[in-house]
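The structure file target_28.txt is reproduced below (compact mmCIF, C-alpha atoms).
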```txt
# COMPACT_ATOMS: atom_id res chain seq x y z
CA MET T 172 -0.44 -12.79 -30.15
CA GLY T 173 0.18 -15.90 -28.06
CA GLU T 174 2.73 -13.95 -26.08
CA PHE T 175 0.15 -11.31 -25.21
CA LEU T 176 -2.36 -13.93 -24.21
CA LEU T 177 0.19 -15.45 -21.85
CA LEU T 178 0.95 -12.02 -20.39
CA MET T 179 -2.76 -11.43 -19.90
CA VAL T 180 -3.32 -14.73 -18.09
CA SER T 181 -0.24 -14.12 -15.99
CA ALA T 182 -1.25 -10.58 -15.00
CA ILE T 183 -4.89 -11.38 -14.24
CA LEU T 184 -4.70 -14.80 -12.63
CA VAL T 185 -1.19 -16.01 -11.79
CA ASN T 186 0.34 -12.77 -10.53
CA ASN T 187 -2.86 -11.01 -9.58
CA ILE T 188 -1.88 -7.51 -8.61
CA LEU T 189 -3.99 -7.41 -5.45
CA LEU T 190 -3.73 -10.91 -4.11
CA ILE T 191 -0.25 -12.06 -5.09
CA ARG T 192 1.74 -8.87 -5.64
CA PHE T 193 0.01 -6.94 -2.84
CA LEU T 194 -0.47 -3.65 -4.64
CA GLY T 195 -3.51 -1.48 -4.01
CA ASN T 196 -4.76 -3.16 -0.86
CA CYS T 197 -6.18 -0.05 0.82
CA PRO T 198 -9.06 0.41 -1.64
CA PHE T 199 -9.37 -3.38 -1.81
CA LEU T 200 -10.39 -3.56 1.85
CA GLY T 201 -11.86 -0.08 2.08
CA ILE T 202 -14.45 -0.11 -0.67
CA SER T 203 -15.24 -3.75 -1.23
CA LYS T 204 -18.32 -3.65 0.97
CA SER T 205 -20.87 -3.30 -1.81
CA MET T 206 -21.03 -4.46 -5.38
CA ASP T 207 -21.87 -1.05 -6.88
CA THR T 208 -18.90 0.78 -5.45
CA ALA T 209 -16.58 -2.11 -6.28
CA THR T 210 -17.65 -2.10 -9.92
CA GLY T 211 -17.30 1.69 -10.14
CA MET T 212 -13.84 1.63 -8.64
CA GLY T 213 -12.82 -1.30 -10.85
CA ILE T 214 -13.76 0.54 -14.04
CA ALA T 215 -12.09 3.76 -12.88
CA VAL T 216 -8.87 1.87 -12.13
CA ILE T 217 -8.86 0.09 -15.51
CA PHE T 218 -9.25 3.46 -17.22
CA VAL T 219 -6.60 5.37 -15.26
CA LEU T 220 -4.08 2.55 -14.97
CA THR T 221 -3.97 1.89 -18.71
CA LEU T 222 -3.47 5.60 -19.43
CA ALA T 223 -0.92 5.99 -16.64
CA GLY T 224 1.06 2.95 -17.82
CA MET T 225 1.31 4.47 -21.28
CA ILE T 226 2.19 8.01 -20.21
CA THR T 227 4.75 7.07 -17.55
CA TRP T 228 6.49 4.83 -20.09
CA ILE T 229 6.68 7.72 -22.56
CA VAL T 230 7.93 10.11 -19.87
CA HIS T 231 10.57 7.66 -18.75
CA THR T 232 11.85 6.84 -22.24
CA TYR T 233 11.73 10.27 -23.87
CA VAL T 234 12.30 12.62 -20.93
CA LEU T 235 14.12 10.94 -18.05
CA ILE T 236 16.57 8.74 -19.98
CA PRO T 237 17.81 11.44 -22.44
CA LEU T 238 18.36 13.81 -19.50
CA ASN T 239 20.03 11.14 -17.31
CA LEU T 240 17.46 11.72 -14.60
CA GLU T 241 16.40 8.11 -13.95
CA TYR T 242 16.91 8.55 -10.21
CA LEU T 243 14.01 11.03 -10.20
CA ARG T 244 11.68 8.32 -11.48
CA THR T 245 9.60 8.06 -8.32
CA ILE T 246 8.94 11.81 -8.10
CA ALA T 247 8.31 12.17 -11.83
CA PHE T 248 5.87 9.26 -11.94
CA ILE T 249 3.81 10.31 -8.95
CA LEU T 250 3.50 13.82 -10.37
CA VAL T 251 2.46 12.44 -13.75
CA ILE T 252 -0.12 10.20 -12.12
CA ALA T 253 -1.51 12.97 -9.88
CA THR T 254 -1.81 15.34 -12.84
CA LEU T 255 -3.30 12.66 -15.05
CA VAL T 256 -5.96 11.79 -12.50
CA GLN T 257 -6.89 15.46 -12.13
CA PHE T 258 -6.98 15.86 -15.91
CA VAL T 259 -9.08 12.75 -16.49
CA GLU T 260 -11.48 13.98 -13.84
CA MET T 261 -11.93 17.34 -15.59
CA VAL T 262 -12.28 15.81 -19.07
CA ILE T 263 -14.89 13.30 -17.93
CA GLN T 264 -16.78 16.01 -16.07
CA LYS T 265 -17.00 18.13 -19.22
CA THR T 266 -17.59 15.45 -21.85
CA ALA T 267 -19.49 12.67 -20.13
CA PRO T 268 -21.42 13.85 -17.07
CA PRO T 269 -23.18 10.50 -16.49
CA LEU T 270 -19.83 8.71 -16.39
CA TYR T 271 -18.56 11.38 -14.02
CA GLU T 272 -21.56 10.81 -11.77
CA ALA T 273 -20.66 7.14 -11.61
CA LEU T 274 -16.87 7.37 -11.26
CA GLY T 275 -16.42 10.84 -9.79
CA ILE T 276 -15.75 10.02 -6.16
CA TYR T 277 -13.33 7.19 -6.97
CA LEU T 278 -11.03 9.15 -9.25
CA PRO T 279 -9.21 11.28 -6.62
CA LEU T 280 -8.63 8.14 -4.55
CA ILE T 281 -6.69 6.56 -7.38
CA THR T 282 -3.75 8.97 -6.98
CA THR T 283 -2.74 7.24 -3.79
CA ASN T 284 -3.55 3.78 -5.08
CA CYS T 285 -0.18 2.07 -5.07
CA ALA T 286 -1.29 -0.25 -7.88
CA VAL T 287 -0.96 2.62 -10.36
CA LEU T 288 2.56 3.64 -9.37
CA GLY T 289 3.50 0.00 -8.83
CA VAL T 290 2.50 -1.10 -12.32
CA ALA T 291 4.27 1.92 -13.85
CA ILE T 292 7.48 0.91 -12.05
CA ILE T 293 7.09 -2.79 -12.97
CA ASN T 294 6.73 -1.78 -16.64
CA ILE T 295 10.08 0.00 -16.51
CA GLU T 296 11.91 -2.60 -14.41
CA GLU T 297 10.79 -5.47 -16.62
CA GLY T 298 11.99 -3.56 -19.68
CA TYR T 299 8.66 -3.77 -21.52
CA ASP T 300 8.23 -1.82 -24.77
CA LEU T 301 5.34 0.62 -25.23
CA ILE T 302 2.77 -1.86 -26.56
CA THR T 303 3.60 -4.48 -23.94
CA SER T 304 3.44 -1.83 -21.21
CA ILE T 305 -0.02 -0.70 -22.26
CA PHE T 306 -1.16 -4.29 -22.48
CA PHE T 307 0.32 -5.25 -19.14
CA SER T 308 -1.20 -2.18 -17.43
CA PHE T 309 -4.61 -3.01 -18.87
CA ALA T 310 -4.38 -6.67 -17.86
CA SER T 311 -3.21 -5.82 -14.33
CA ALA T 312 -6.09 -3.40 -13.91
CA CYS T 313 -8.52 -6.10 -15.08
CA GLY T 314 -7.05 -8.41 -12.44
CA PHE T 315 -7.59 -5.67 -9.87
CA ALA T 316 -11.22 -5.21 -10.91
CA LEU T 317 -11.84 -8.96 -10.90
CA ALA T 318 -10.46 -9.44 -7.38
CA LEU T 319 -12.35 -6.38 -6.11
CA VAL T 320 -15.68 -7.54 -7.52
CA LEU T 321 -15.19 -11.10 -6.21
CA MET T 322 -14.40 -9.73 -2.78
CA ALA T 323 -17.42 -7.41 -2.80
CA GLY T 324 -19.65 -10.29 -3.82
CA ILE T 325 -18.53 -12.30 -0.82
CA ARG T 326 -18.60 -9.41 1.63
CA GLU T 327 -22.19 -8.57 0.73
CA ARG T 328 -23.12 -12.01 2.07
CA PHE T 329 -21.56 -11.18 5.43
CA ALA T 330 -24.65 -9.21 6.34
CA LEU T 331 -26.53 -12.49 6.63
CA VAL T 332 -24.09 -14.53 8.68
CA ASP T 333 -23.12 -14.60 12.32
CA ILE T 334 -19.49 -13.48 12.67
CA PRO T 335 -17.58 -13.75 15.97
CA LYS T 336 -17.46 -10.32 17.55
CA ALA T 337 -13.68 -9.96 17.44
CA PHE T 338 -13.61 -10.74 13.74
CA GLU T 339 -16.18 -8.15 12.69
CA GLY T 340 -15.19 -5.61 10.06
CA THR T 341 -11.71 -5.70 8.61
CA ALA T 342 -10.49 -8.86 10.32
CA ILE T 343 -12.96 -11.14 8.56
CA GLY T 344 -12.30 -9.20 5.34
CA LEU T 345 -8.62 -10.09 5.59
CA ILE T 346 -9.33 -13.77 6.21
CA THR T 347 -11.65 -13.78 3.18
CA ALA T 348 -8.96 -12.12 1.09
CA GLY T 349 -6.57 -14.82 2.25
CA LEU T 350 -8.94 -17.56 1.08
CA ILE T 351 -9.45 -15.85 -2.30
CA ALA T 352 -5.67 -15.53 -2.62
CA LEU T 353 -5.38 -19.24 -1.82
CA ALA T 354 -7.79 -20.00 -4.66
CA PHE T 355 -5.78 -17.76 -6.99
CA SER T 356 -2.51 -19.46 -6.08
CA GLY T 357 -4.07 -22.54 -7.66
CA PHE T 358 -3.44 -20.80 -11.00
CA MET T 359 0.30 -20.84 -10.29
CA GLY T 360 0.93 -23.67 -12.74
CA LEU T 361 -0.59 -21.78 -15.67
CA GLY T 362 2.40 -19.47 -16.07
CA MET G 453 5.25 18.23 27.81
CA ALA G 454 2.38 15.96 28.71
CA SER G 455 0.68 16.50 25.37
CA LEU G 456 3.95 15.94 23.54
CA GLN G 457 4.14 12.57 25.20
CA ALA G 458 0.51 11.92 24.33
CA GLU G 459 1.15 12.64 20.64
CA PHE G 460 4.05 10.21 20.73
CA THR G 461 2.37 7.35 22.55
CA LYS G 462 -0.96 7.44 20.72
CA GLY G 463 0.81 5.94 17.69
CA LEU G 464 1.96 2.98 19.70
CA TRP G 465 -1.38 1.58 20.79
CA LYS G 466 -4.45 3.75 20.41
CA THR G 467 -4.04 4.52 16.73
CA ILE G 468 -1.35 1.96 15.81
CA ALA G 469 -1.48 2.44 12.11
CA PRO G 470 -1.90 -0.86 10.26
CA PHE G 471 -4.28 -2.36 12.82
CA ARG G 472 -6.50 0.49 13.91
CA LEU G 473 -6.69 2.55 10.77
CA VAL G 474 -6.10 -0.26 8.26
CA LEU G 475 -3.94 2.04 6.18
CA GLY G 476 -0.71 1.32 4.36
CA LEU G 477 -1.48 -2.36 4.10
CA CYS G 478 0.47 -3.20 0.96
CA PRO G 479 3.94 -3.19 2.52
CA VAL G 480 2.51 -4.73 5.70
CA LEU G 481 1.36 -7.77 3.76
CA ALA G 482 4.12 -7.98 1.19
CA VAL G 483 7.42 -7.66 3.01
CA THR G 484 6.72 -9.32 6.36
CA THR G 485 8.15 -12.70 5.42
CA SER G 486 10.72 -12.30 8.22
CA GLY G 487 11.21 -10.11 11.27
CA ILE G 488 14.22 -8.33 9.77
CA ASN G 489 12.48 -7.47 6.51
CA GLY G 490 9.50 -6.11 8.40
CA MET G 491 11.71 -3.97 10.60
CA GLY G 492 13.73 -2.64 7.62
CA MET G 493 10.57 -1.58 5.84
CA GLY G 494 9.19 -0.06 9.04
CA LEU G 495 12.31 2.00 9.70
CA ALA G 496 12.47 3.25 6.10
CA THR G 497 8.84 4.37 6.38
CA THR G 498 9.47 5.96 9.79
CA PHE G 499 12.35 8.01 8.38
CA VAL G 500 10.17 9.35 5.57
CA LEU G 501 7.27 9.97 7.95
CA ILE G 502 9.35 11.96 10.46
CA PHE G 503 10.92 14.23 7.86
CA SER G 504 7.80 14.73 5.77
CA ASN G 505 5.87 15.63 8.94
CA LEU G 506 8.61 18.07 9.98
CA PHE G 507 8.80 19.80 6.60
CA VAL G 508 5.07 19.91 6.00
CA SER G 509 4.70 21.49 9.43
CA LEU G 510 7.49 24.02 8.81
CA LEU G 511 5.99 25.02 5.46
CA ARG G 512 2.36 24.93 6.55
CA ARG G 513 1.96 28.71 6.37
CA PHE G 514 3.43 28.93 2.87
CA ILE G 515 1.57 26.12 1.10
CA PRO G 516 -1.67 27.35 -0.52
CA THR G 517 -4.61 25.12 0.45
CA GLN G 518 -5.65 24.44 -3.14
CA VAL G 519 -2.41 22.71 -4.09
CA ARG G 520 -1.55 21.26 -0.70
CA ILE G 521 -1.94 17.58 -1.64
CA ALA G 522 0.42 17.95 -4.61
CA SER G 523 2.92 19.84 -2.42
CA PHE G 524 2.77 17.15 0.27
CA ILE G 525 3.39 14.44 -2.31
CA VAL G 526 6.44 16.26 -3.66
CA ILE G 527 7.88 16.63 -0.14
CA ILE G 528 7.21 12.95 0.62
CA ALA G 529 8.61 11.80 -2.72
CA SER G 530 11.86 13.70 -2.14
CA PHE G 531 12.52 11.84 1.10
CA VAL G 532 11.56 8.54 -0.48
CA VAL G 533 14.18 9.08 -3.16
CA ILE G 534 16.76 9.79 -0.43
CA VAL G 535 15.85 6.56 1.37
CA GLU G 536 15.93 4.64 -1.90
CA LEU G 537 19.43 5.85 -2.80
CA VAL G 538 20.84 5.40 0.72
CA MET G 539 19.48 1.86 0.97
CA GLN G 540 20.82 0.96 -2.44
CA ALA G 541 24.26 2.17 -1.37
CA TYR G 542 24.51 0.76 2.16
CA PHE G 543 21.89 -1.99 2.60
CA TYR G 544 21.86 -3.61 -0.81
CA GLN G 545 20.60 -6.99 0.47
CA LEU G 546 17.54 -5.41 2.11
CA PHE G 547 17.05 -3.13 -0.91
CA LYS G 548 16.80 -6.22 -3.14
CA VAL G 549 14.29 -7.94 -0.85
CA LEU G 550 12.02 -4.92 -0.39
CA GLY G 551 12.27 -4.10 -4.09
CA ILE G 552 9.33 -2.18 -5.50
CA PHE G 553 7.93 -1.40 -2.06
CA ILE G 554 10.59 1.21 -1.34
CA PRO G 555 9.52 3.62 -4.11
CA LEU G 556 5.94 2.78 -3.14
CA ILE G 557 6.43 4.43 0.28
CA VAL G 558 5.35 7.57 -1.62
CA VAL G 559 1.80 6.32 -1.89
CA ASN G 560 1.64 4.86 1.62
CA CYS G 561 -1.62 6.42 2.82
CA ILE G 562 -0.34 6.70 6.40
CA ILE G 563 2.25 9.31 5.45
CA LEU G 564 -0.05 11.47 3.36
CA GLY G 565 -2.72 10.96 6.00
CA ARG G 566 -0.51 12.32 8.79
CA ALA G 567 0.65 15.24 6.65
CA GLU G 568 -2.94 16.20 5.91
CA ALA G 569 -4.54 15.43 9.26
CA PHE G 570 -1.79 16.43 11.67
CA ALA G 571 1.38 18.09 10.38
CA SER G 572 -0.40 20.75 8.33
CA LYS G 573 -2.17 21.99 11.48
CA ASN G 574 0.41 21.61 14.26
CA THR G 575 3.82 22.93 15.31
CA PRO G 576 7.02 21.28 14.03
CA ILE G 577 7.87 19.77 17.44
CA MET G 578 4.42 18.21 17.81
CA SER G 579 4.55 16.90 14.25
CA LEU G 580 7.94 15.37 14.91
CA ALA G 581 6.58 13.53 17.98
CA ASP G 582 3.54 12.41 16.00
CA GLY G 583 5.68 11.14 13.12
CA LEU G 584 8.02 9.29 15.47
CA GLY G 585 5.15 7.65 17.37
CA ILE G 586 3.14 6.59 14.33
CA GLY G 587 6.32 5.45 12.58
CA LEU G 588 7.47 3.34 15.52
CA GLY G 589 4.00 1.84 15.88
CA PHE G 590 4.12 0.92 12.20
CA THR G 591 7.61 -0.57 12.61
CA ILE G 592 6.57 -2.62 15.64
CA SER G 593 3.49 -3.97 13.82
CA LEU G 594 5.58 -5.00 10.83
CA PHE G 595 8.23 -6.52 13.07
CA ILE G 596 5.72 -8.58 15.08
CA LEU G 597 3.86 -9.78 12.00
CA GLY G 598 7.21 -10.64 10.39
CA LEU G 599 8.31 -12.60 13.47
CA ILE G 600 5.07 -14.59 13.59
CA ARG G 601 5.21 -15.47 9.89
CA GLU G 602 8.91 -16.33 10.11
CA LEU G 603 8.42 -18.51 13.19
CA LEU G 604 5.54 -20.50 11.73
CA GLY G 605 6.63 -20.45 8.11
CA ALA G 606 10.32 -21.25 8.45
CA GLY G 607 10.75 -22.24 12.11
CA THR G 608 13.30 -19.50 12.73
CA LEU G 609 13.44 -16.24 14.67
CA LEU G 610 15.74 -13.59 13.16
CA ASP G 611 17.37 -16.37 11.10
CA THR G 612 18.15 -18.53 14.17
CA PRO G 613 16.36 -21.90 14.27
CA VAL G 614 14.26 -22.00 17.44
CA MET G 615 11.73 -24.75 16.87
CA TRP G 616 12.23 -28.38 17.92
CA ALA G 617 13.96 -30.72 15.44
CA SER G 618 10.88 -32.50 14.12
CA PHE G 619 9.02 -29.19 13.48
CA GLU G 620 7.54 -29.14 10.01
CA PRO G 621 7.62 -25.54 8.62
CA PHE G 622 4.15 -24.30 7.84
CA SER G 623 5.16 -22.74 4.52
CA PHE G 624 1.62 -21.43 3.89
CA MET G 625 2.48 -18.55 6.23
CA LEU G 626 5.24 -17.29 3.95
CA LYS G 627 2.99 -17.34 0.87
CA PRO G 628 0.70 -14.41 -0.03
CA PRO G 629 -2.52 -16.02 1.32
CA GLY G 630 -0.80 -16.58 4.66
CA ALA G 631 -0.10 -12.85 4.93
CA PHE G 632 -3.81 -12.01 4.74
CA VAL G 633 -4.81 -14.72 7.20
CA ALA G 634 -2.04 -13.89 9.69
CA LEU G 635 -2.92 -10.19 9.68
CA GLY G 636 -6.63 -10.98 9.96
CA ILE G 637 -6.10 -13.17 13.02
CA LEU G 638 -3.77 -10.61 14.62
CA LEU G 639 -6.38 -7.92 14.05
CA ALA G 640 -9.11 -10.05 15.60
CA PHE G 641 -6.83 -10.66 18.57
CA MET G 642 -6.36 -6.94 19.07
CA ASN G 643 -10.11 -6.37 18.84
CA LEU G 644 -10.57 -9.01 21.51
CA ILE G 645 -8.10 -7.29 23.86
CA THR G 646 -9.81 -3.95 23.30
CA GLN G 647 -13.21 -5.48 24.03
CA LEU G 648 -11.96 -7.11 27.22
CA GLN G 649 -10.42 -3.82 28.32
CA ALA G 650 -13.67 -2.01 27.63
CA GLN G 651 -15.60 -4.53 29.70
CA LYS G 652 -13.19 -4.15 32.58
CA GLY G 653 -13.44 -0.37 32.34
CA GLY G 654 -17.19 -0.56 33.02
CA GLY G 655 -18.30 -0.98 29.40
CA ARG G 656 -16.94 2.33 28.18
```
In structure tokens, how does this file's structure come out?
Amino acid sequence: MGEFLLLMVSAILVNNILLIRFLGNCPFLGISKSMDTATGMGIAVIFVLTLAGMITWIVHTYVLIPLNLEYLRTIAFILVIATLVQFVEMVIQKTAPPLYEALGIYLPLITTNCAVLGVAIINIEEGYDLITSIFFSFASACGFALALVLMAGIRERFALVDIPKAFEGTAIGLITAGLIALAFSGFMGLG
Amino acid sequence: MASLQAEFTKGLWKTIAPFRLVLGLCPVLAVTTSGINGMGMGLATTFVLIFSNLFVSLLRRFIPTQVRIASFIVIIASFVVIVELVMQAYFYQLFKVLGIFIPLIVVNCIILGRAEAFASKNTPIMSLADGLGIGLGFTISLFILGLIRELLGAGTLLDTPVMWASFEPFSFMLKPPGAFVALGILLAFMNLITQLQAQKGGGR
């Protein structure tokens, strides 16, 4: 159990997927302008990433390795993820309409979120087993959601302050992200 | 001919990808710890972009609209695998440094964005020019950002020491937070130039 706790701390704080590993930065800057959308996206990513981590691991171990097709990993994974996202979208739409209302628009965006493919590849390259993979995917996604919500919280305050004209929009967002990343690198010693 | 040139040059300044559209940021931030790394990543992406644009454009009449995104991703992923294998065979050093970001070219939003917004509606020649322009713009951005971070963070340019002897490397620039801050300042700088240009042009 201690091992899992360490992995969790490492994935959420020390090697935060957005701020330290630089995966999934497009949605990070694109939709962190309000708290509601950030929370919605965060939950959608946690959901899809955990599922995707599990399924890509199974595909890699039981389909690609027996057939000696490891070099097709990138293609296979992106297809699995795209299909999974579509499938999740349909299932949620049928079974839980309120949830679909809340997450609907974020789900298609997740296909091209490099965090999902990135974590799937990290799982394989680090040689994690199935349980560790699921756990690591979940923890990474939590790190993603945490950073996204923190960022949205700060960016909502921007409406009230006077920002130099050249820095308006994305530029100030990037500087803010840099400062949050600086705070997160303070966790470096925990690993 | 004039419009062909226009499609090519728009990628170099007017819609230079990482700065104007703020797309494909992950590799921009992650691999620009030196000029060479930035350029390697940029060229790999350009290769994929050119060929995916060409093939999407050639096949645009045969791909049904309902499944177009999936088809585009398969085309892009095929070229990414080619780049991955070629780099592993001939540029192993660079392959090691860029690591996970080579397979991740698949999900670079710039490439899918161009396939959807441009290549699926235009002729192969136009799409080729578009891919080349956007790709080179991307490469130049990565190269410049890499040079700035390398110069300030390690005091070298393309691995040659250029700073004076007592220069203390500003290692913050090579760390992840430095990437965000450097890109943010560069972006603000570009906004400033655009604003000054607009003022000169009679407040267009």
Handout entry: Proximity to T:Ile217 - best of T:Ala253, T:Val290, T:Cys313, T:Val262, all atoms listed in the file
Key =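 That would be T:Cys313, the residue with the smallest distance to T:Ile217.
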Problem - Point-to-point distance from atom CA of G:Val533 to atom CA of G:Thr498, Å rounded to tenths - result: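 It comes out at 14.1 Å.
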Handout entry: Distance query T:Ala209 at most 12 Å, only C-alpha atoms, self and fewer than 4 positions along chain excluded, as a PyMOL selection string
Key = chain T and resi 198-205+213-216+273-274+277+315-327
Practice task
For each of T:Leu184, T:Val230, T:Ile246, T:Leu240, take the minimum atom-to-atom distance to G:Ser530, counting only C-alpha atoms, then give the residue where this is smallest.
Solution key: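 Once distances to G:Ser530 are computed over only C-alpha atoms, the minimum belongs to T:Ile246.
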Exercise for the section: Would you list the contacts of G:Pro621 as number ranges by chain, taking every protein, DNA or RNA residue within 6 Å and counting all atoms listed in the file, but skipping same-chain residues closer than 6 positions in sequence? Expected result: G: 605-607
Write to file, as a short mmCIF file (atom, residue, chain, number, x, y, z; two decimals), in the coordinates of the input, the residues of the selection just made, with C-alpha atoms.
```cif
data_model
loop_
_atom_site.label_atom_id
_atom_site.label_comp_id
_atom_site.auth_asym_id
_atom_site.auth_seq_id
_atom_site.Cartn_x
_atom_site.Cartn_y
_atom_site.Cartn_z
CA GLY G 605 6.63 -20.45 8.11
CA ALA G 606 10.32 -21.25 8.45
CA GLY G 607 10.75 -22.24 12.11
#
```
Practice task
Would you give me, as a ChimeraX atom specification, the residues of chain G that come within 9 Å of chain T, using all atoms listed in the file?
Solution key: /G:474-479,481-482,522,525-526,528-530,532-533,537,552-553,555-561,564,627-645,647
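The spacing separating atom CA of G:Leu506 from atom CA of G:Ile562 amounts to 14.9 Å.
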Problem - Counting only C-alpha atoms, the residue of G:Ile502, G:Ala567, G:Ile577, G:Met491 that sits nearest G:Leu550 - result: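 Answer, going by the shortest atom-to-atom distance: G:Met491.
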Problem - Distance in Å - atom CA of G:Tyr544 versus atom CA of T:Glu297 - result: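 That distance, rounded to one decimal, is 19.4 Å.
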Problem - Residue neighbourhood G:Phe570, 12 Å, only C-alpha atoms, exclusion window fewer than 5 positions, as a PyMOL selection string - result: chain G and resi 459+501+504-506+508-509+512+562-565+575-583+586
Quick one: axis-aligned box around all listed atoms of stretch 262-272 of chain T, 6 Å on every side, centre and edge lengths in Å to one decimal, written as lines of an AutoDock Vina configuration file.
```
center_x = -17.7
center_y = 13.4
center_z = -16.8
size_x = 22.9
size_y = 21.4
size_z = 22.1
```
Problem - Proximity to T:Gly357 - best of T:Val259, T:Val234, T:Val219, T:Val185, all atoms listed in the file - result: T:Val185
Handout entry: Residues near T:Pro279, cut-off 9 Å, all atoms listed in the file, skip fewer than 5 positions along chain, as a list in words
Key =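 The neighbour list is Ala253, Val256, Gln257 and Glu260 of chain T.
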